[in-house]
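Asker: After the structure tokens below, expect a handful of questions from me.
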Amino acid sequence: MSRRPDVREHDYEPQTGLPEALPAGERLLWQGAPDWRVLARRALHLRKFAAYFGVLVGWRVVTVLADGGGAGAALVSVAWMLPLAALALGIMALFAWLVGKTAIYSVTDRRVVMRVGIVLTVTFNLPLARIEAASLRVHGDGSGDISLQLGAQDRIGYLHLWPHTRPWRFTRTEPTLRALADVRAVAALLADALAQTAASGTVHDLERRPRQAAEHDPMPNAA
């Protein structure tokens, strides 16, 4: 597993989303990016924050009215809160859009590549031979996440990956393909690639480790 800063402009990438052209014999199976709307809802909890601000505004209005103030006084009392709430929600939505705009996930028959980062772009190469397990989380709209469990010695800083990581896995981070619109199809493809790698005994110049194929049903412990 390797991590390298991508210092070139994306327009000059030898192959979109990859730090270098694929070596002979390696095939690109799938390439995609997070859906920024799903990312905003699921990773950044935009709806929950909107509800929180709504409760604050409503509570303020009720308090003013209960104290004998009129509708005008109630509106004045929340006038400063509404722009701040809108600004906060707008920043969160903009961040989600930028993440979806700049991140590219790639799956080949040998590795998973995650090109992430808004200001400083970093590429993570995750060989299939170093993926011990993969778990799937599917949401009601068919979107979801695929989390990759690496070997104990393959550690990536949580902040280096976020939000492309499984929540609350700080000690042993799990790189995650987040907010995929058709996550089941990608999970099936990745499961086949992992199974073929295991069957062929390919190690790709790295120590081979036991691994499991991606699950094709929602995992109750997946985030």
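Quick note on naming: the chains in the structure tokens go A, B, ... in the order shown, residues restart at 1 in each chain, and ligands are numbered from 1 in order of appearance.
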I'd like the contact shell of His160 in chain A - 10 Å cut-off, only C-alpha atoms, skipping same-chain residues fewer than 4 positions apart - returned as a CSV table (one decimal) with C-alpha atoms, in the first residue's frame.
Answerer:
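File result.csv, as written:
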```
chain,number,residue,atom,x,y,z
A,116,VAL,CA,-9.0,12.5,-2.7
A,117,GLY,CA,-8.4,16.0,-1.4
A,122,VAL,CA,-3.5,12.7,-2.3
A,156,ILE,CA,-3.7,5.6,7.3
A,164,HIS,CA,-13.6,9.0,2.8
A,165,THR,CA,-13.4,6.7,5.8
```
Asker: From a DSSP pass on the backbone, collect the residues of range 46-204 of chain A flagged as strand (DSSP E) and hand them back as a VMD selection string.
Answerer: chain A and resid 104 to 108 111 to 116 122 to 127 131 to 138 144 to 150 176 to 180
Asker: May I ask which of the residues A:Arg60, A:Asp192, A:Thr121, A:Ala86 is the closest one to Ala74 in chain A, counting only C-alpha atoms?
Answerer: A:Arg60
Asker: List every residue of range 37-188 of chain A that DSSP, applied to the backbone of this structure, places in helix (DSSP H, G or I), and write the result as a ChimeraX atom specification.
Answerer: /A:37-42,46-66,71-78,81-102,128-130,158-161,183-188
Asker: Within 8 Å of range 128-134 of chain A, which residues of range 150-201 of chain A show up? Give each one with its shortest atom-to-atom distance in Å (one decimal) and the two atoms involved, counting only C-alpha atoms, rows by chain then rising residue number, as a tab-separated table.
Answerer:
```
residue	atom	partner	partner_atom	distance
A:Leu150	CA	A:Ile131	CA	4.9
A:Gly151	CA	A:Glu132	CA	6.3
A:Ala193	CA	A:Leu128	CA	7.9
A:Leu194	CA	A:Leu128	CA	6.2
A:Thr197	CA	A:Leu128	CA	7.2
A:Ala198	CA	A:Ala129	CA	7.8
```
Asker: Restricting the calculation to only C-alpha atoms: of A:Leu190, A:Leu161, A:Ala43, A:Ile146, which residue gets closest to Pro127 in chain A?
Answerer: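 Smallest distance to Pro127 in chain A is found for A:Leu190.
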Asker: Quick one: pull the distance between CA of Val107 in chain A and CA of Asn125 in chain A, Å, one decimal.
Answerer: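 We find that CA of Val107 in chain A and CA of Asn125 in chain A lie 10.1 Å from each other.
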Asker: Rank A:Leu189, A:Ala103, A:Ala88, A:Ala21 by their smallest atom-to-atom distance to Leu46 in chain A, using only C-alpha atoms, and report the top residue only.
Answerer: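 Once distances to Leu46 in chain A are computed over only C-alpha atoms, the minimum belongs to A:Ala88.
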Asker: Select, from A:Val113, A:Ala66, A:Ala96, A:Leu120, the residue with the minimum atom-to-atom distance to Leu44 in chain A, counting only C-alpha atoms.
Answerer: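 Among the listed residues, the smallest separation from Leu44 in chain A belongs to A:Ala96.
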Asker: Leaving out Gly32 in chain A and any residue of its chain fewer than 3 positions from it, which residues lie within 8 Å of it when counting only C-alpha atoms, given as a VMD selection string?
Answerer: chain A and resid 104 to 106 180
Asker: If you count only C-alpha atoms, which residues fall within 8 Å of Val64 in chain A, apart from same-chain ones fewer than 4 positions away, as number ranges by chain?
Answerer: A: 60, 68-70, 73-74, 77
Asker: Nearest residue to Gln15 in chain A out of A:Gly58, A:Arg115, A:Thr171, A:Pro83, using only C-alpha atoms?
Answerer: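 Nearest to Gln15 in chain A: A:Arg115.
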